[in-house]
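Structure file upload04.txt (compact mmCIF, C-alpha atoms) is printed below.
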# COMPACT_ATOMS: atom_id res chain seq x y z
CA MET A 190 155.20 112.21 -28.34
CA ILE A 191 153.39 109.51 -30.32
CA ASP A 192 150.33 108.02 -28.64
CA ILE A 193 150.61 104.43 -29.79
CA TYR A 194 147.30 103.41 -28.25
CA SER A 195 145.45 106.10 -30.21
CA LYS A 196 147.12 104.78 -33.34
CA ILE A 197 145.95 101.27 -32.49
CA VAL A 198 142.33 102.41 -32.05
CA ASP A 199 142.43 104.37 -35.30
CA TYR A 200 143.86 101.53 -37.35
CA GLN A 201 141.49 98.98 -35.80
CA LYS A 202 138.52 101.07 -36.92
CA LYS A 203 139.92 100.94 -40.45
CA GLY A 204 140.42 97.17 -40.34
CA ILE A 205 144.21 97.48 -40.71
CA ASP A 206 146.39 94.77 -39.16
CA MET A 207 149.23 95.63 -36.77
CA VAL A 208 151.86 94.02 -34.57
CA LEU A 209 152.64 95.69 -31.24
CA ILE A 210 156.16 94.89 -30.01
CA THR A 211 156.86 95.33 -26.30
CA ALA A 212 160.16 94.95 -24.44
CA THR A 213 159.19 92.70 -21.53
CA GLU A 214 162.59 91.80 -20.01
CA LYS A 215 166.13 93.12 -20.03
CA GLU A 216 169.35 91.76 -18.53
CA GLY A 217 172.56 93.76 -18.68
CA GLN A 218 173.28 96.58 -21.10
CA GLY A 219 171.18 97.52 -24.09
CA PRO A 220 169.49 100.44 -25.87
CA VAL A 221 165.93 99.65 -24.77
CA GLU A 222 164.11 99.79 -21.44
CA VAL A 223 161.37 97.40 -20.31
CA GLY A 224 157.97 98.65 -21.41
CA LYS A 225 159.13 100.38 -24.59
CA LYS A 226 156.85 99.72 -27.54
CA LEU A 227 157.02 99.68 -31.32
CA LEU A 228 153.90 99.45 -33.51
CA VAL A 229 154.32 97.98 -37.00
CA ILE A 230 151.48 98.44 -39.52
CA GLU A 231 150.67 96.21 -42.50
CA THR A 232 151.31 99.24 -44.75
CA GLY A 233 154.98 99.17 -43.69
CA GLU A 234 154.72 102.19 -41.37
CA PHE A 235 155.96 101.95 -37.79
CA PHE A 236 155.71 104.10 -34.67
CA GLY A 237 157.61 104.12 -31.38
CA THR A 238 160.88 102.34 -30.68
CA VAL A 239 162.49 99.35 -29.02
CA GLY A 240 165.93 100.88 -29.04
CA GLY A 241 166.95 101.33 -32.63
CA GLY A 242 169.89 99.67 -34.35
CA ALA A 243 170.04 96.00 -35.28
CA LEU A 244 167.49 95.05 -32.61
CA GLU A 245 164.82 97.37 -33.96
CA HIS A 246 165.55 96.47 -37.59
CA TYR A 247 165.24 92.78 -36.80
CA ALA A 248 162.03 93.37 -34.81
CA ILE A 249 160.38 95.25 -37.68
CA GLU A 250 161.20 92.49 -40.18
CA LYS A 251 159.95 89.83 -37.75
CA ALA A 252 156.71 91.79 -37.26
CA LYS A 253 156.14 91.89 -41.03
CA LYS A 254 156.31 88.09 -41.13
CA LEU A 255 153.88 87.80 -38.21
CA LEU A 256 151.44 90.08 -40.01
CA LYS A 257 151.23 87.44 -42.74
CA THR A 258 150.74 84.54 -40.33
CA ARG A 259 148.48 86.60 -38.01
CA SER A 260 150.24 85.22 -34.95
CA HIS A 261 151.95 86.20 -31.66
CA LEU A 262 155.54 85.50 -30.63
CA THR A 263 157.98 85.96 -27.75
CA GLU A 264 161.73 85.97 -28.53
CA ARG A 265 164.98 86.62 -26.62
CA TYR A 266 167.89 88.47 -28.19
CA LEU A 267 171.54 88.53 -27.18
CA LEU A 268 173.03 91.91 -28.08
CA ASP A 269 176.56 90.58 -28.53
CA GLN A 270 177.64 89.27 -31.90
CA GLY A 271 180.54 87.29 -30.40
CA LYS A 272 178.51 85.07 -28.08
CA VAL A 273 175.82 82.40 -28.16
CA ILE A 274 173.12 81.59 -25.60
CA PRO A 275 170.68 78.65 -26.01
CA GLU A 276 167.22 79.58 -27.28
CA THR A 277 168.36 83.16 -27.85
CA LYS A 278 168.85 84.94 -31.17
CA THR A 279 172.24 86.65 -31.40
CA LEU A 280 172.18 90.08 -33.06
CA PRO A 281 175.14 92.03 -34.52
CA MET A 282 175.51 94.41 -31.57
CA VAL A 283 178.11 94.94 -28.86
CA CYS A 284 175.98 96.02 -25.86
CA GLY A 285 176.23 92.58 -24.27
CA GLY A 286 172.75 92.47 -22.74
CA VAL A 287 169.76 90.21 -23.32
CA VAL A 288 166.36 91.61 -24.29
CA THR A 289 163.00 89.83 -24.56
CA LEU A 290 160.41 91.16 -27.00
CA PHE A 291 156.75 90.18 -27.12
CA TYR A 292 155.11 90.49 -30.55
CA GLU A 293 151.33 90.87 -30.28
CA PHE A 294 149.27 90.58 -33.45
CA LEU A 295 146.43 93.10 -33.37
CA GLY A 296 143.75 92.56 -35.93
CA VAL A 297 140.51 90.88 -36.75
CA LYS A 298 140.27 87.11 -37.12
CA ASN A 299 140.24 87.58 -40.88
CA PHE A 300 138.59 89.52 -43.67
CA VAL A 301 135.35 88.45 -45.38
CA TYR A 302 134.07 89.94 -48.62
CA ILE A 303 130.38 89.38 -49.29
CA PHE A 304 129.35 90.03 -52.88
CA GLY A 305 125.59 90.52 -52.65
CA GLY A 306 123.72 92.15 -49.79
CA GLY A 307 120.42 90.32 -50.17
CA HIS A 308 118.73 88.04 -47.65
CA VAL A 309 121.65 85.61 -47.20
CA GLY A 310 124.28 88.34 -47.09
CA GLN A 311 122.31 90.34 -44.54
CA SER A 312 121.75 87.24 -42.39
CA LEU A 313 125.42 86.27 -42.55
CA VAL A 314 126.88 89.57 -41.32
CA PRO A 315 125.61 89.54 -37.71
CA VAL A 316 126.84 85.96 -37.29
CA LEU A 317 130.35 86.73 -38.54
CA LYS A 318 130.59 89.99 -36.58
CA THR A 319 130.26 88.11 -33.29
CA LEU A 320 133.25 86.01 -34.42
CA ASN A 321 135.56 89.03 -34.93
CA PHE A 322 135.69 88.99 -38.73
CA HIS A 323 136.03 92.25 -40.66
CA ILE A 324 133.25 92.33 -43.25
CA THR A 325 133.03 94.20 -46.54
CA VAL A 326 129.71 94.04 -48.39
CA ILE A 327 129.55 94.93 -52.09
CA ASP A 328 126.34 95.37 -54.06
CA GLU A 329 125.45 97.37 -57.16
CA ARG A 330 121.84 97.86 -56.02
CA LYS A 331 121.64 101.20 -54.24
CA GLU A 332 118.46 100.31 -52.38
CA ILE A 333 120.18 97.25 -50.90
CA ILE A 334 123.25 99.21 -49.80
CA ASP A 335 121.16 102.05 -48.37
CA GLY A 336 119.28 99.60 -46.16
CA PHE A 337 122.16 97.30 -45.23
CA ILE A 338 122.94 96.90 -41.54
CA GLY A 339 126.12 95.80 -39.80
CA GLY A 340 128.97 95.64 -42.31
CA ASP A 341 132.31 97.24 -41.47
CA VAL A 342 132.55 98.53 -45.03
CA VAL A 343 129.46 98.72 -47.27
CA VAL A 344 130.14 99.58 -50.90
CA HIS A 345 127.75 100.58 -53.69
CA GLN A 346 129.61 99.45 -56.80
CA HIS A 347 129.47 96.93 -59.62
CA PHE A 348 130.71 93.61 -58.27
CA ALA A 349 133.66 92.90 -60.58
CA ASP A 350 134.64 96.59 -60.66
CA TYR A 351 135.25 96.49 -56.92
CA ILE A 352 137.75 93.66 -57.37
CA ILE A 353 139.53 95.52 -60.16
CA GLU A 354 139.79 98.75 -58.17
CA LYS A 355 140.23 97.53 -54.58
CA GLY A 356 141.29 93.90 -54.85
CA ILE A 357 140.93 91.48 -51.95
CA LYS A 358 143.39 90.55 -49.23
CA ASP A 359 145.46 87.39 -49.49
CA ASN A 360 144.07 84.45 -47.47
CA SER A 361 140.73 86.19 -46.96
CA PHE A 362 137.25 84.70 -47.38
CA VAL A 363 134.94 85.51 -50.30
CA VAL A 364 131.21 84.79 -50.25
CA VAL A 365 129.45 85.13 -53.61
CA CYS A 366 125.68 85.53 -53.37
CA THR A 367 124.79 88.18 -55.94
CA PRO A 368 121.27 88.45 -57.42
CA SER A 369 122.41 86.98 -60.78
CA HIS A 370 124.28 83.87 -61.91
CA THR A 371 126.10 86.08 -64.40
CA TYR A 372 127.33 88.42 -61.67
CA ASP A 373 128.44 85.43 -59.58
CA TYR A 374 130.56 84.20 -62.47
CA HIS A 375 131.98 87.69 -63.06
CA VAL A 376 133.18 87.87 -59.45
CA ILE A 377 134.86 84.48 -59.39
CA ASN A 378 136.33 84.80 -62.89
CA LYS A 379 137.81 88.19 -62.04
CA ILE A 380 139.53 86.67 -59.00
CA LEU A 381 140.94 83.94 -61.24
CA GLU A 382 141.96 86.37 -63.98
CA LEU A 383 143.84 88.62 -61.56
CA LYS A 384 145.42 85.61 -59.83
CA LEU A 385 144.27 86.79 -56.42
CA ASN A 386 144.78 84.48 -53.43
CA PRO A 387 141.79 84.21 -51.11
CA LYS A 388 141.73 81.24 -48.78
CA TYR A 389 138.09 80.58 -49.62
CA ILE A 390 135.63 81.36 -52.40
CA GLY A 391 132.11 80.17 -51.65
CA MET A 392 129.31 80.45 -54.22
CA LEU A 393 125.64 80.15 -53.31
CA CYS A 394 124.09 77.96 -55.98
CA SER A 395 122.33 74.77 -57.02
CA ILE A 396 124.06 71.75 -58.57
CA ASP A 397 122.64 72.68 -62.00
CA LYS A 398 124.04 76.21 -61.73
CA LEU A 399 127.35 74.81 -60.55
CA ASN A 400 127.63 72.46 -63.52
CA ILE A 401 127.09 75.36 -65.91
CA TYR A 402 129.74 77.39 -64.10
CA LEU A 403 132.30 74.56 -64.09
CA GLU A 404 131.80 73.89 -67.80
CA GLU A 405 132.27 77.57 -68.67
CA THR A 406 135.23 77.95 -66.30
CA TYR A 407 137.18 75.01 -67.71
CA LYS A 408 136.53 76.29 -71.22
CA LYS A 409 137.73 79.79 -70.28
CA PHE A 410 140.72 78.98 -68.08
CA GLY A 411 141.64 75.45 -69.12
CA LYS A 412 141.40 72.17 -67.24
CA ASP A 413 144.36 72.99 -64.98
CA VAL A 414 142.67 75.99 -63.37
CA ASN A 415 143.07 75.77 -59.58
CA LEU A 416 139.69 75.52 -57.83
CA ASN A 417 140.98 73.98 -54.60
CA ASN A 418 139.71 76.92 -52.57
CA PHE A 419 136.35 77.02 -54.37
CA TYR A 420 133.39 75.81 -52.26
CA SER A 421 130.07 75.34 -53.99
CA PRO A 422 127.35 74.60 -53.07
CA ILE A 423 128.42 76.79 -50.17
CA GLY A 424 128.39 75.86 -46.48
CA LEU A 425 128.53 72.83 -44.25
CA ASP A 426 125.80 70.22 -44.63
CA LEU A 427 123.71 71.29 -41.61
CA GLY A 428 120.25 71.25 -43.18
CA GLY A 429 117.68 74.02 -43.48
CA GLY A 430 116.91 76.38 -46.32
CA THR A 431 116.08 79.77 -44.82
CA PRO A 432 118.56 82.66 -45.19
CA GLU A 433 119.32 82.32 -41.48
CA ASP A 434 119.95 78.57 -41.80
CA ILE A 435 122.23 79.12 -44.77
CA ALA A 436 124.10 81.91 -42.94
CA ILE A 437 124.91 79.57 -40.04
CA SER A 438 126.06 76.93 -42.53
CA ILE A 439 128.37 79.38 -44.32
CA ALA A 440 129.77 80.80 -41.07
CA ALA A 441 130.48 77.27 -39.82
CA GLU A 442 132.32 76.43 -43.04
CA ILE A 443 134.39 79.61 -42.82
CA LEU A 444 135.32 78.81 -39.22
CA SER A 445 136.30 75.24 -40.08
CA ILE A 446 138.63 76.45 -42.83
CA HIS A 447 140.02 79.29 -40.72
CA PHE A 448 141.00 76.86 -37.96
CA GLY A 449 142.12 74.13 -40.38
CA LYS A 450 139.63 71.55 -39.14
CA LYS A 451 139.13 68.32 -41.09
CA GLY A 452 136.29 65.86 -41.28
CA GLN A 453 133.36 68.25 -41.54
CA LYS A 454 130.80 67.45 -44.20
CA HIS A 455 130.95 70.28 -46.69
CA MET A 456 128.17 70.76 -49.20
CA ARG A 457 130.80 70.85 -51.93
CA GLU A 458 131.56 67.18 -51.32
CA ALA A 459 128.40 66.51 -53.29
CA ILE A 460 129.94 68.05 -56.42
CA ASP A 461 133.40 66.42 -56.40
CA ASP A 462 132.26 63.89 -59.02
CA HIS A 463 130.83 66.68 -61.17
CA ASN A 464 134.11 68.57 -60.89
CA ARG A 465 136.12 65.54 -61.98
CA TYR A 466 133.67 64.94 -64.82
CA TRP A 467 134.16 68.40 -66.30
CA LYS A 468 137.94 68.23 -65.93
CA ASN A 469 138.10 64.90 -67.73
CA LYS A 470 135.51 65.69 -70.39
Could I get this structure in the form of C-alpha cells?
Amino acid sequence: MIDIYSKIVDYQKKGIDMVLITATEKEGQGPVEVGKKLLVIETGEFFGTVGGGALEHYAIEKAKKLLKTRSHLTERYLLDQGKVIPETKTLPMVCGGVVTLFYEFLGVKNFVYIFGGGHVGQSLVPVLKTLNFHITVIDERKEIIDGFIGGDVVVHQHFADYIIEKGIKDNSFVVVCTPSHTYDYHVINKILELKLNPKYIGMLCSIDKLNIYLEETYKKFGKDVNLNNFYSPIGLDLGGGTPEDIAISIAAEILSIHFGKKGQKHMREAIDDHNRYWKNK
C-alpha cells in the first residue's frame, strides 16, 4: 500500500510541487469513497486513486493545470453523461452519483535562484526562508559555497553553466548578485538566449553599470528584446545600504511581484528613462 503522506514529505524536501486530491463528498453511486486520495506530482507521476475511469483522468489533468497556477480548487462532478446539474461538471460516466473533489496545492510559495552567495545573497536567504520560498544558491567560489548557510540547494558551479545544465523554473524569481559585472551579464544573457521564463530577474548594480548592460544587451539581442521582468537597480526604494538593508528591499520587491501588488516604488523606476534612451538610440 502506498503511503501518500511519506511521498508528500519526501517530495517537499526536494522542493517538488504536488497537488493532493481528496474525495470530500459523495451522493449516490460512484467508484470512489469519501477520503480517498490521489497525489499528482509536477513530474507527471501520480499515486493513489479517486476511483479510476473518467473521473480520475479528469482529476489528473485538472491537477496539472493547478500545478502551473499554484492554486487550490473544489469541484463537483456528476457521473452521468446524460444529465446536467448547476455548478457541477458532467463526466462521461454512467454511475449516476455526484462526487466532490478538493484539490490542494502542496508546494513552496515559489522558487528563488540567487546567483552569488556573497554578503547580499547570504543576508537575503534567511529573510526569504521565513516566507516559504525554496532557495537555490549558485556560486563558483568554493570558499563561499563551503561557508554558506541556509539555502535549500547550494551549488558550486560556474554561474551560466548552471543555467545551461539545470535551467530555472517558469515564473520563478532570479536574483543576480555575483562578484563580477561580467558574470552578472552572463547570467542574464543566458536566460535571454535560452528564452527562459522567470517572473523576475533582479540585478544588483549602480546606474552606471546598468547603462553599460542595457547598451550591450540591445546591441546583442536587438531593441525588441523583452526586459519587462528585469528589475535593476534591484529592490524597493526603502533606503539603507547595508547587505541586510538591501536584502529586505529585495525580499519586499519579490513579495510585491508575487502577490501582484501595484503602486510600490521600485528602484528600477529610476532607470525607465535610461531604458527608453537606449531603445531609441
Judged by all atoms listed in the file, the minimum distance to Asn400 in chain A among A:Gly217, A:Gly430, A:Pro422, A:Gly452 is found for A:Pro422
Do you know which residues lie at most 12 Å from (135.0, 95.8, -60.7), with coordinates as in the file and only C-alpha atoms counted, and could you write them as a PyMOL selection string?
chain A and resi 304+327-329+344-357+372+375-380+383
Work out how far apart CA of Gly241 in chain A and CA of Leu256 in chain A are and give it in Å to one decimal.
20.5 Å
Selected residue of minimal separation from Gly219 in chain A among A:Leu399, A:Ala252, A:Ile193, A:Leu268, counting all atoms listed in the file
A:Leu268
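Distance check against Asp397 in chain A using all atoms listed in the file: of A:Arg259, A:Lys272, A:His370, A:Lys203, the minimum falls on A:His370.
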Interatomic distance, CA of Phe236 in chain A to CA of Ile191 in chain A (Å, one decimal):
7.3 Å
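Comparing A:His447, A:His261, A:Arg457, A:Lys215 by their smallest distance to Phe300 in chain A, the closest is A:His447 (using all atoms listed in the file).
Counting all atoms listed in the file, the residue from A:Leu262, A:Leu228, A:Leu381, A:Val363 that sits nearest to Glu442 in chain A is A:Val363.
If you measure from each of A:Val297, A:Ile338, A:Ile443, A:Ile274 to Pro315 in chain A using only C-alpha atoms, the closest one turns out to be A:Ile338.
Atom to atom, CA of Ile324 in chain A and CA of Thr232 in chain A stand 19.4 Å apart.
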Spatial neighbours of Asn299 in chain A, max dist 7 Å, all atoms listed in the file, sep filter under 3 positions, as a PDB file with C-alpha atoms, keeping the file's coordinate frame:
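Wrote it out as part-v2.pdb, contents follow:
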ATOM      1  CA  PHE A 322     135.690  88.990 -38.730  1.00  0.00           C
ATOM      2  CA  HIS A 323     136.030  92.250 -40.660  1.00  0.00           C
ATOM      3  CA  SER A 361     140.730  86.190 -46.960  1.00  0.00           C
TER       4      SER A 361
END
Leaving out range 245-250 of chain A and any residue of its chain fewer than 3 positions from it, which residues lie within 12 Å of it when counting all atoms listed in the file, given as a ChimeraX atom specification?
/A:207-212,219-221,225-231,233-242,253-257,262-266,268,278-282,288-293
Please identify all polymer residues within 12 Å of Phe410 in chain A, counting all atoms listed in the file, omitting same-chain residues fewer than 2 positions from it, and present them as a short mmCIF file (atom, residue, chain, number, x, y, z; two decimals) with C-alpha atoms, in the frame of the given file.
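Below is the file out12.cif, written as the result:
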data_model
loop_
_atom_site.label_atom_id
_atom_site.label_comp_id
_atom_site.auth_asym_id
_atom_site.auth_seq_id
_atom_site.Cartn_x
_atom_site.Cartn_y
_atom_site.Cartn_z
CA ILE A 377 134.86 84.48 -59.39
CA ASN A 378 136.33 84.80 -62.89
CA LYS A 379 137.81 88.19 -62.04
CA ILE A 380 139.53 86.67 -59.00
CA LEU A 381 140.94 83.94 -61.24
CA GLU A 382 141.96 86.37 -63.98
CA LYS A 384 145.42 85.61 -59.83
CA TYR A 402 129.74 77.39 -64.10
CA LEU A 403 132.30 74.56 -64.09
CA GLU A 404 131.80 73.89 -67.80
CA GLU A 405 132.27 77.57 -68.67
CA THR A 406 135.23 77.95 -66.30
CA TYR A 407 137.18 75.01 -67.71
CA LYS A 408 136.53 76.29 -71.22
CA LYS A 412 141.40 72.17 -67.24
CA ASP A 413 144.36 72.99 -64.98
CA VAL A 414 142.67 75.99 -63.37
CA ASN A 415 143.07 75.77 -59.58
CA LEU A 416 139.69 75.52 -57.83
CA LYS A 468 137.94 68.23 -65.93
#
Excluding Lys454 in chain A and its own-chain neighbours fewer than 6 positions away, which residues fall within 9 Å of it when counting only C-alpha atoms? Please give them as JSON, numbers by chain.
{"A": [425, 426, 427]}
Enumerate, as a PDB file with C-alpha atoms, keeping the file's coordinate frame, the protein, DNA and RNA residues whose atoms approach (126.2, 75.9, -36.8) to within 12 Å, taking into account only C-alpha atoms and the coordinate frame of the file.
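So the final result, stored in part_16.pdb, reads:
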ATOM      1  CA  LEU A 313     125.420  86.270 -42.550  1.00  0.00           C
ATOM      2  CA  VAL A 316     126.840  85.960 -37.290  1.00  0.00           C
ATOM      3  CA  LEU A 317     130.350  86.730 -38.540  1.00  0.00           C
ATOM      4  CA  GLY A 424     128.390  75.860 -46.480  1.00  0.00           C
ATOM      5  CA  LEU A 425     128.530  72.830 -44.250  1.00  0.00           C
ATOM      6  CA  ASP A 426     125.800  70.220 -44.630  1.00  0.00           C
ATOM      7  CA  LEU A 427     123.710  71.290 -41.610  1.00  0.00           C
ATOM      8  CA  GLY A 428     120.250  71.250 -43.180  1.00  0.00           C
ATOM      9  CA  GLY A 429     117.680  74.020 -43.480  1.00  0.00           C
ATOM     10  CA  GLU A 433     119.320  82.320 -41.480  1.00  0.00           C
ATOM     11  CA  ASP A 434     119.950  78.570 -41.800  1.00  0.00           C
ATOM     12  CA  ILE A 435     122.230  79.120 -44.770  1.00  0.00           C
ATOM     13  CA  ALA A 436     124.100  81.910 -42.940  1.00  0.00           C
ATOM     14  CA  ILE A 437     124.910  79.570 -40.040  1.00  0.00           C
ATOM     15  CA  SER A 438     126.060  76.930 -42.530  1.00  0.00           C
ATOM     16  CA  ILE A 439     128.370  79.380 -44.320  1.00  0.00           C
ATOM     17  CA  ALA A 440     129.770  80.800 -41.070  1.00  0.00           C
ATOM     18  CA  ALA A 441     130.480  77.270 -39.820  1.00  0.00           C
ATOM     19  CA  GLU A 442     132.320  76.430 -43.040  1.00  0.00           C
ATOM     20  CA  ILE A 443     134.390  79.610 -42.820  1.00  0.00           C
ATOM     21  CA  LEU A 444     135.320  78.810 -39.220  1.00  0.00           C
ATOM     22  CA  SER A 445     136.300  75.240 -40.080  1.00  0.00           C
ATOM     23  CA  GLN A 453     133.360  68.250 -41.540  1.00  0.00           C
TER      24      GLN A 453
END
